[in-house]
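Have a look at input25.cif; it's mmCIF, N, CA and C atoms, pLDDT in the B column; chains and numbers go by the auth columns:
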data_query
loop_
_atom_site.group_PDB
_atom_site.id
_atom_site.type_symbol
_atom_site.label_atom_id
_atom_site.label_comp_id
_atom_site.label_asym_id
_atom_site.label_seq_id
_atom_site.Cartn_x
_atom_site.Cartn_y
_atom_site.Cartn_z
_atom_site.B_iso_or_equiv
_atom_site.auth_seq_id
_atom_site.auth_asym_id
ATOM 1 N N MET A 1 6.437 -11.563 1.627 89.00 392 A
ATOM 2 C CA MET A 1 6.408 -10.658 2.754 89.00 392 A
ATOM 3 C C MET A 1 6.763 -9.251 2.259 89.00 392 A
ATOM 4 N N LEU A 2 5.939 -8.280 2.641 94.00 393 A
ATOM 5 C CA LEU A 2 6.205 -6.888 2.279 94.00 393 A
ATOM 6 C C LEU A 2 6.939 -6.198 3.421 94.00 393 A
ATOM 7 N N LYS A 3 7.900 -5.398 3.077 95.00 394 A
ATOM 8 C CA LYS A 3 8.663 -4.669 4.086 95.00 394 A
ATOM 9 C C LYS A 3 8.009 -3.316 4.354 95.00 394 A
ATOM 10 N N PRO A 4 8.233 -2.739 5.530 96.00 395 A
ATOM 11 C CA PRO A 4 7.666 -1.423 5.820 96.00 395 A
ATOM 12 C C PRO A 4 8.181 -0.372 4.833 96.00 395 A
ATOM 13 N N GLY A 5 7.279 0.521 4.426 95.00 396 A
ATOM 14 C CA GLY A 5 7.643 1.600 3.510 95.00 396 A
ATOM 15 C C GLY A 5 7.465 1.260 2.041 95.00 396 A
ATOM 16 N N THR A 6 7.343 -0.035 1.692 96.00 397 A
ATOM 17 C CA THR A 6 7.122 -0.398 0.297 96.00 397 A
ATOM 18 C C THR A 6 5.660 -0.149 -0.069 96.00 397 A
ATOM 19 N N LYS A 7 5.392 0.066 -1.348 96.00 398 A
ATOM 20 C CA LYS A 7 4.017 0.318 -1.782 96.00 398 A
ATOM 21 C C LYS A 7 3.211 -0.968 -1.744 96.00 398 A
ATOM 22 N N CYS A 8 1.998 -0.842 -1.254 94.00 399 A
ATOM 23 C CA CYS A 8 1.076 -1.966 -1.151 94.00 399 A
ATOM 24 C C CYS A 8 0.593 -2.354 -2.548 94.00 399 A
ATOM 25 N N THR A 9 0.588 -3.656 -2.860 91.00 400 A
ATOM 26 C CA THR A 9 0.182 -4.121 -4.182 91.00 400 A
ATOM 27 C C THR A 9 -1.296 -4.457 -4.265 91.00 400 A
ATOM 28 N N LYS A 10 -1.938 -4.800 -3.141 94.00 401 A
ATOM 29 C CA LYS A 10 -3.364 -5.119 -3.084 94.00 401 A
ATOM 30 C C LYS A 10 -3.959 -4.562 -1.815 94.00 401 A
ATOM 31 N N SER A 11 -5.154 -3.978 -1.906 95.00 402 A
ATOM 32 C CA SER A 11 -5.851 -3.486 -0.721 95.00 402 A
ATOM 33 C C SER A 11 -6.316 -4.663 0.121 95.00 402 A
ATOM 34 N N GLY A 12 -6.272 -4.498 1.442 96.00 403 A
ATOM 35 C CA GLY A 12 -6.773 -5.554 2.312 96.00 403 A
ATOM 36 C C GLY A 12 -6.184 -5.500 3.703 96.00 403 A
ATOM 37 N N GLN A 13 -6.390 -6.606 4.430 97.00 404 A
ATOM 38 C CA GLN A 13 -5.887 -6.752 5.791 97.00 404 A
ATOM 39 C C GLN A 13 -4.531 -7.449 5.731 97.00 404 A
ATOM 40 N N TYR A 14 -3.536 -6.859 6.370 97.00 405 A
ATOM 41 C CA TYR A 14 -2.194 -7.423 6.414 97.00 405 A
ATOM 42 C C TYR A 14 -1.832 -7.716 7.857 97.00 405 A
ATOM 43 N N GLU A 15 -1.262 -8.909 8.094 97.00 406 A
ATOM 44 C CA GLU A 15 -0.834 -9.249 9.440 97.00 406 A
ATOM 45 C C GLU A 15 0.651 -8.960 9.596 97.00 406 A
ATOM 46 N N LEU A 16 1.028 -8.618 10.811 97.00 407 A
ATOM 47 C CA LEU A 16 2.420 -8.354 11.142 97.00 407 A
ATOM 48 C C LEU A 16 3.133 -9.683 11.323 97.00 407 A
ATOM 49 N N ILE A 17 4.274 -9.841 10.638 96.00 408 A
ATOM 50 C CA ILE A 17 5.035 -11.084 10.645 96.00 408 A
ATOM 51 C C ILE A 17 6.391 -10.834 11.289 96.00 408 A
ATOM 52 N N GLY A 18 6.794 -11.749 12.156 96.00 409 A
ATOM 53 C CA GLY A 18 8.101 -11.648 12.813 96.00 409 A
ATOM 54 C C GLY A 18 9.236 -12.056 11.893 96.00 409 A
ATOM 55 N N PRO A 19 10.473 -11.886 12.345 93.00 410 A
ATOM 56 C CA PRO A 19 11.641 -12.204 11.525 93.00 410 A
ATOM 57 C C PRO A 19 11.726 -13.677 11.110 93.00 410 A
ATOM 58 N N ARG A 20 11.130 -14.571 11.884 93.00 411 A
ATOM 59 C CA ARG A 20 11.160 -16.001 11.545 93.00 411 A
ATOM 60 C C ARG A 20 9.936 -16.443 10.750 93.00 411 A
ATOM 61 N N GLY A 21 9.024 -15.518 10.446 93.00 412 A
ATOM 62 C CA GLY A 21 7.864 -15.834 9.616 93.00 412 A
ATOM 63 C C GLY A 21 6.586 -16.120 10.376 93.00 412 A
ATOM 64 N N GLY A 22 6.594 -16.012 11.692 95.00 413 A
ATOM 65 C CA GLY A 22 5.398 -16.269 12.488 95.00 413 A
ATOM 66 C C GLY A 22 4.551 -15.019 12.671 95.00 413 A
ATOM 67 N N SER A 23 3.255 -15.218 12.825 94.00 414 A
ATOM 68 C CA SER A 23 2.327 -14.103 13.034 94.00 414 A
ATOM 69 C C SER A 23 2.511 -13.512 14.430 94.00 414 A
ATOM 70 N N LEU A 24 2.430 -12.185 14.522 95.00 415 A
ATOM 71 C CA LEU A 24 2.563 -11.514 15.808 95.00 415 A
ATOM 72 C C LEU A 24 1.207 -11.057 16.357 95.00 415 A
ATOM 73 N N GLY A 25 0.105 -11.443 15.682 93.00 416 A
ATOM 74 C CA GLY A 25 -1.233 -11.178 16.193 93.00 416 A
ATOM 75 C C GLY A 25 -1.781 -9.780 15.961 93.00 416 A
ATOM 76 N N ARG A 26 -1.156 -8.982 15.118 95.00 417 A
ATOM 77 C CA ARG A 26 -1.664 -7.640 14.821 95.00 417 A
ATOM 78 C C ARG A 26 -1.972 -7.549 13.336 95.00 417 A
ATOM 79 N N GLU A 27 -3.070 -6.870 13.010 96.00 418 A
ATOM 80 C CA GLU A 27 -3.453 -6.691 11.608 96.00 418 A
ATOM 81 C C GLU A 27 -3.603 -5.209 11.294 96.00 418 A
ATOM 82 N N TYR A 28 -3.314 -4.868 10.053 96.00 419 A
ATOM 83 C CA TYR A 28 -3.412 -3.495 9.572 96.00 419 A
ATOM 84 C C TYR A 28 -4.216 -3.493 8.282 96.00 419 A
ATOM 85 N N THR A 29 -5.037 -2.452 8.081 96.00 420 A
ATOM 86 C CA THR A 29 -5.757 -2.273 6.825 96.00 420 A
ATOM 87 C C THR A 29 -4.953 -1.300 5.974 96.00 420 A
ATOM 88 N N VAL A 30 -4.600 -1.732 4.772 96.00 421 A
ATOM 89 C CA VAL A 30 -3.775 -0.916 3.887 96.00 421 A
ATOM 90 C C VAL A 30 -4.441 -0.852 2.521 96.00 421 A
ATOM 91 N N VAL A 31 -4.422 0.343 1.904 95.00 422 A
ATOM 92 C CA VAL A 31 -5.020 0.580 0.593 95.00 422 A
ATOM 93 C C VAL A 31 -3.937 0.464 -0.479 95.00 422 A
ATOM 94 N N LYS A 32 -4.305 -0.122 -1.631 94.00 423 A
ATOM 95 C CA LYS A 32 -3.379 -0.296 -2.749 94.00 423 A
ATOM 96 C C LYS A 32 -2.705 1.030 -3.112 94.00 423 A
ATOM 97 N N GLY A 33 -1.391 0.989 -3.286 95.00 424 A
ATOM 98 C CA GLY A 33 -0.625 2.170 -3.664 95.00 424 A
ATOM 99 C C GLY A 33 -0.082 2.960 -2.497 95.00 424 A
ATOM 100 N N GLU A 34 -0.593 2.729 -1.298 96.00 425 A
ATOM 101 C CA GLU A 34 -0.103 3.424 -0.108 96.00 425 A
ATOM 102 C C GLU A 34 1.119 2.690 0.445 96.00 425 A
ATOM 103 N N PRO A 35 2.025 3.392 1.137 97.00 426 A
ATOM 104 C CA PRO A 35 3.178 2.701 1.725 97.00 426 A
ATOM 105 C C PRO A 35 2.757 1.871 2.945 97.00 426 A
ATOM 106 N N MET A 36 3.438 0.755 3.134 97.00 427 A
ATOM 107 C CA MET A 36 3.175 -0.075 4.299 97.00 427 A
ATOM 108 C C MET A 36 3.616 0.682 5.553 97.00 427 A
ATOM 109 N N PRO A 37 2.894 0.514 6.666 95.00 428 A
ATOM 110 C CA PRO A 37 3.247 1.243 7.886 95.00 428 A
ATOM 111 C C PRO A 37 4.557 0.746 8.493 95.00 428 A
ATOM 112 N N PRO A 38 5.154 1.547 9.380 96.00 429 A
ATOM 113 C CA PRO A 38 6.379 1.097 10.044 96.00 429 A
ATOM 114 C C PRO A 38 6.081 -0.054 11.011 96.00 429 A
ATOM 115 N N THR A 39 7.081 -0.869 11.269 95.00 430 A
ATOM 116 C CA THR A 39 6.935 -1.985 12.203 95.00 430 A
ATOM 117 C C THR A 39 7.573 -1.618 13.545 95.00 430 A
ATOM 118 N N PRO A 40 7.115 -2.254 14.629 93.00 431 A
ATOM 119 C CA PRO A 40 7.680 -1.952 15.946 93.00 431 A
ATOM 120 C C PRO A 40 9.174 -2.288 16.069 93.00 431 A
ATOM 121 N N LYS A 41 9.628 -3.354 15.396 94.00 432 A
ATOM 122 C CA LYS A 41 11.030 -3.771 15.473 94.00 432 A
ATOM 123 C C LYS A 41 11.557 -4.080 14.082 94.00 432 A
ATOM 124 N N SER A 42 12.870 -4.019 13.913 93.00 433 A
ATOM 125 C CA SER A 42 13.457 -4.337 12.606 93.00 433 A
ATOM 126 C C SER A 42 13.335 -5.831 12.328 93.00 433 A
ATOM 127 N N GLY A 43 13.322 -6.192 11.061 95.00 434 A
ATOM 128 C CA GLY A 43 13.204 -7.580 10.654 95.00 434 A
ATOM 129 C C GLY A 43 11.772 -8.057 10.493 95.00 434 A
ATOM 130 N N GLN A 44 10.806 -7.232 10.873 96.00 435 A
ATOM 131 C CA GLN A 44 9.403 -7.603 10.744 96.00 435 A
ATOM 132 C C GLN A 44 8.864 -7.139 9.396 96.00 435 A
ATOM 133 N N GLY A 45 7.748 -7.733 8.968 96.00 436 A
ATOM 134 C CA GLY A 45 7.132 -7.365 7.703 96.00 436 A
ATOM 135 C C GLY A 45 5.645 -7.662 7.733 96.00 436 A
ATOM 136 N N PHE A 46 5.033 -7.693 6.555 97.00 437 A
ATOM 137 C CA PHE A 46 3.588 -7.870 6.454 97.00 437 A
ATOM 138 C C PHE A 46 3.248 -8.951 5.440 97.00 437 A
ATOM 139 N N ARG A 47 2.144 -9.674 5.714 96.00 438 A
ATOM 140 C CA ARG A 47 1.628 -10.696 4.800 96.00 438 A
ATOM 141 C C ARG A 47 0.129 -10.463 4.635 96.00 438 A
ATOM 142 N N LEU A 48 -0.341 -10.547 3.389 96.00 439 A
ATOM 143 C CA LEU A 48 -1.761 -10.354 3.085 96.00 439 A
ATOM 144 C C LEU A 48 -2.584 -11.494 3.678 96.00 439 A
ATOM 145 N N VAL A 49 -3.612 -11.147 4.453 96.00 440 A
ATOM 146 C CA VAL A 49 -4.485 -12.138 5.072 96.00 440 A
ATOM 147 C C VAL A 49 -5.822 -12.188 4.359 96.00 440 A
ATOM 148 N N ASP A 50 -6.423 -11.010 4.127 95.00 441 A
ATOM 149 C CA ASP A 50 -7.754 -10.937 3.525 95.00 441 A
ATOM 150 C C ASP A 50 -7.787 -9.777 2.545 95.00 441 A
ATOM 151 N N ALA A 51 -7.767 -10.101 1.247 95.00 442 A
ATOM 152 C CA ALA A 51 -7.810 -9.064 0.215 95.00 442 A
ATOM 153 C C ALA A 51 -9.197 -8.442 0.150 95.00 442 A
ATOM 154 N N THR A 52 -9.262 -7.152 -0.152 94.00 443 A
ATOM 155 C CA THR A 52 -10.531 -6.460 -0.311 94.00 443 A
ATOM 156 C C THR A 52 -11.187 -6.935 -1.601 94.00 443 A
ATOM 157 N N LYS A 53 -12.470 -7.217 -1.536 90.00 444 A
ATOM 158 C CA LYS A 53 -13.196 -7.716 -2.696 90.00 444 A
ATOM 159 C C LYS A 53 -13.939 -6.563 -3.369 90.00 444 A
ATOM 160 N N HIS A 54 -13.603 -6.289 -4.616 76.00 445 A
ATOM 161 C CA HIS A 54 -14.243 -5.234 -5.397 76.00 445 A
ATOM 162 C C HIS A 54 -15.056 -5.881 -6.502 76.00 445 A
ATOM 163 N N LYS A 55 -16.184 -5.268 -6.844 69.00 446 A
ATOM 164 C CA LYS A 55 -16.987 -5.781 -7.964 69.00 446 A
ATOM 165 C C LYS A 55 -16.817 -4.910 -9.174 69.00 446 A
#

Please express the file's structure as structure tokens.
Amino acid sequence: MLKPGTKCTKSGQYELIGPRGGSLGREYTVVKGEPMPPTPKSGQGFRLVDATKHK
């Protein structure tokens, strides 16, 4: 799980994860090297759902 503000390690779609590890139904597109966006509440984070495929 990536915390808000940390640098993204892989480009792709990230889902918002609650403090207990469950999906909150929101996805964000983040580019490698960019900071993860802020979360609505503390204790939440992000999990990679669909990595961007590069050739």

When DSSP is applied to the backbone of this structure, which of chain A are assigned strand (DSSP E or B)? Write them out as JSON, numbers by chain. {"A": [393, 398, 403, 404, 405, 406, 407, 408, 414, 415, 416, 417, 418, 419, 420, 421, 426, 436, 437, 438, 439, 440, 441, 442]}

Could you state which residues are captured by the PyMOL selection byres (((chain A and resi 417 and name CA) around 6) and name CA) in this file, as a short mmCIF file (atom, residue, chain, number, x, y, z; two decimals) with N, CA and C atoms, keeping the file's coordinate frame?
data_model
loop_
_atom_site.label_atom_id
_atom_site.label_comp_id
_atom_site.auth_asym_id
_atom_site.auth_seq_id
_atom_site.Cartn_x
_atom_site.Cartn_y
_atom_site.Cartn_z
N GLU A 406 -1.26 -8.91 8.09
CA GLU A 406 -0.83 -9.25 9.44
C GLU A 406 0.65 -8.96 9.60
N LEU A 407 1.03 -8.62 10.81
CA LEU A 407 2.42 -8.35 11.14
C LEU A 407 3.13 -9.68 11.32
N LEU A 415 2.43 -12.18 14.52
CA LEU A 415 2.56 -11.51 15.81
C LEU A 415 1.21 -11.06 16.36
N GLY A 416 0.10 -11.44 15.68
CA GLY A 416 -1.23 -11.18 16.19
C GLY A 416 -1.78 -9.78 15.96
N GLU A 418 -3.07 -6.87 13.01
CA GLU A 418 -3.45 -6.69 11.61
C GLU A 418 -3.60 -5.21 11.29
#

So that I can check the surroundings of stretch 397-403 of chain A, please list as an NGL selection string every protein, DNA and RNA residue that reaches within 8 Å of it, counting all atoms listed in the file and ignoring chain neighbours fewer than 2 positions away. :A and (393-395 or 405-406 or 419-428 or 439-444)

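Atom to atom, atom C of A:His445 and atom N of A:Gly396 stand 25.7 Å apart.
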
Residue neighbourhood A:Gly409, 9 Å, only C-alpha atoms, exclusion window fewer than 5 positions, as a PyMOL selection string: chain A and resi 414-415+432+434-437

Please output stretch 406-417 of chain A, rebuilt to include all heavy atoms, as a compact mmCIF listing (two decimals), in the frame of the given file.
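The resulting part-v2.txt:
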# COMPACT_ATOMS: atom_id res chain seq x y z
N GLU A 406 -1.26 -8.91 8.09
CA GLU A 406 -0.83 -9.25 9.44
C GLU A 406 0.65 -8.96 9.60
O GLU A 406 1.41 -9.05 8.64
CB GLU A 406 -1.14 -10.70 9.78
CG GLU A 406 -0.35 -11.73 9.00
CD GLU A 406 -0.69 -13.15 9.40
OE1 GLU A 406 -1.17 -13.38 10.52
OE2 GLU A 406 -0.47 -14.04 8.57
N LEU A 407 1.03 -8.62 10.81
CA LEU A 407 2.42 -8.35 11.14
C LEU A 407 3.13 -9.68 11.32
O LEU A 407 2.66 -10.56 12.05
CB LEU A 407 2.49 -7.52 12.42
CG LEU A 407 3.86 -7.03 12.86
CD1 LEU A 407 4.47 -6.12 11.81
CD2 LEU A 407 3.74 -6.28 14.17
N ILE A 408 4.27 -9.84 10.64
CA ILE A 408 5.04 -11.08 10.64
C ILE A 408 6.39 -10.83 11.29
O ILE A 408 7.06 -9.85 10.98
CB ILE A 408 5.24 -11.59 9.19
CG1 ILE A 408 3.91 -11.81 8.51
CG2 ILE A 408 6.07 -12.86 9.16
CD1 ILE A 408 3.04 -12.84 9.14
N GLY A 409 6.79 -11.75 12.16
CA GLY A 409 8.10 -11.65 12.81
C GLY A 409 9.24 -12.06 11.89
O GLY A 409 9.02 -12.56 10.79
N PRO A 410 10.47 -11.89 12.34
CA PRO A 410 11.64 -12.20 11.52
C PRO A 410 11.73 -13.68 11.11
O PRO A 410 12.30 -14.01 10.10
CB PRO A 410 12.84 -11.83 12.39
CG PRO A 410 12.31 -11.26 13.64
CD PRO A 410 10.82 -11.33 13.63
N ARG A 411 11.13 -14.57 11.88
CA ARG A 411 11.16 -16.00 11.54
C ARG A 411 9.94 -16.44 10.75
O ARG A 411 9.78 -17.62 10.44
CB ARG A 411 11.24 -16.84 12.82
CG ARG A 411 12.53 -16.63 13.58
CD ARG A 411 12.58 -17.58 14.74
NE ARG A 411 13.72 -17.27 15.59
CZ ARG A 411 13.96 -17.87 16.72
NH1 ARG A 411 13.15 -18.82 17.15
NH2 ARG A 411 15.00 -17.53 17.44
N GLY A 412 9.02 -15.52 10.45
CA GLY A 412 7.86 -15.83 9.62
C GLY A 412 6.59 -16.12 10.38
O GLY A 412 5.57 -16.43 9.77
N GLY A 413 6.59 -16.01 11.69
CA GLY A 413 5.40 -16.27 12.49
C GLY A 413 4.55 -15.02 12.67
O GLY A 413 5.06 -13.90 12.68
N SER A 414 3.26 -15.22 12.82
CA SER A 414 2.33 -14.10 13.03
C SER A 414 2.51 -13.51 14.43
O SER A 414 2.72 -14.24 15.40
CB SER A 414 0.89 -14.59 12.87
OG SER A 414 -0.01 -13.56 13.17
N LEU A 415 2.43 -12.18 14.52
CA LEU A 415 2.56 -11.51 15.81
C LEU A 415 1.21 -11.06 16.36
O LEU A 415 1.15 -10.36 17.36
CB LEU A 415 3.52 -10.32 15.69
CG LEU A 415 4.95 -10.69 15.30
CD1 LEU A 415 5.80 -9.45 15.11
CD2 LEU A 415 5.58 -11.59 16.34
N GLY A 416 0.10 -11.44 15.68
CA GLY A 416 -1.23 -11.18 16.19
C GLY A 416 -1.78 -9.78 15.96
O GLY A 416 -2.78 -9.42 16.55
N ARG A 417 -1.16 -8.98 15.12
CA ARG A 417 -1.66 -7.64 14.82
C ARG A 417 -1.97 -7.55 13.34
O ARG A 417 -1.24 -8.09 12.51
CB ARG A 417 -0.63 -6.58 15.19
CG ARG A 417 -0.38 -6.52 16.69
CD ARG A 417 0.63 -5.49 17.05
NE ARG A 417 0.08 -4.16 16.86
CZ ARG A 417 0.78 -3.05 17.00
NH1 ARG A 417 2.04 -3.10 17.32
NH2 ARG A 417 0.21 -1.88 16.83
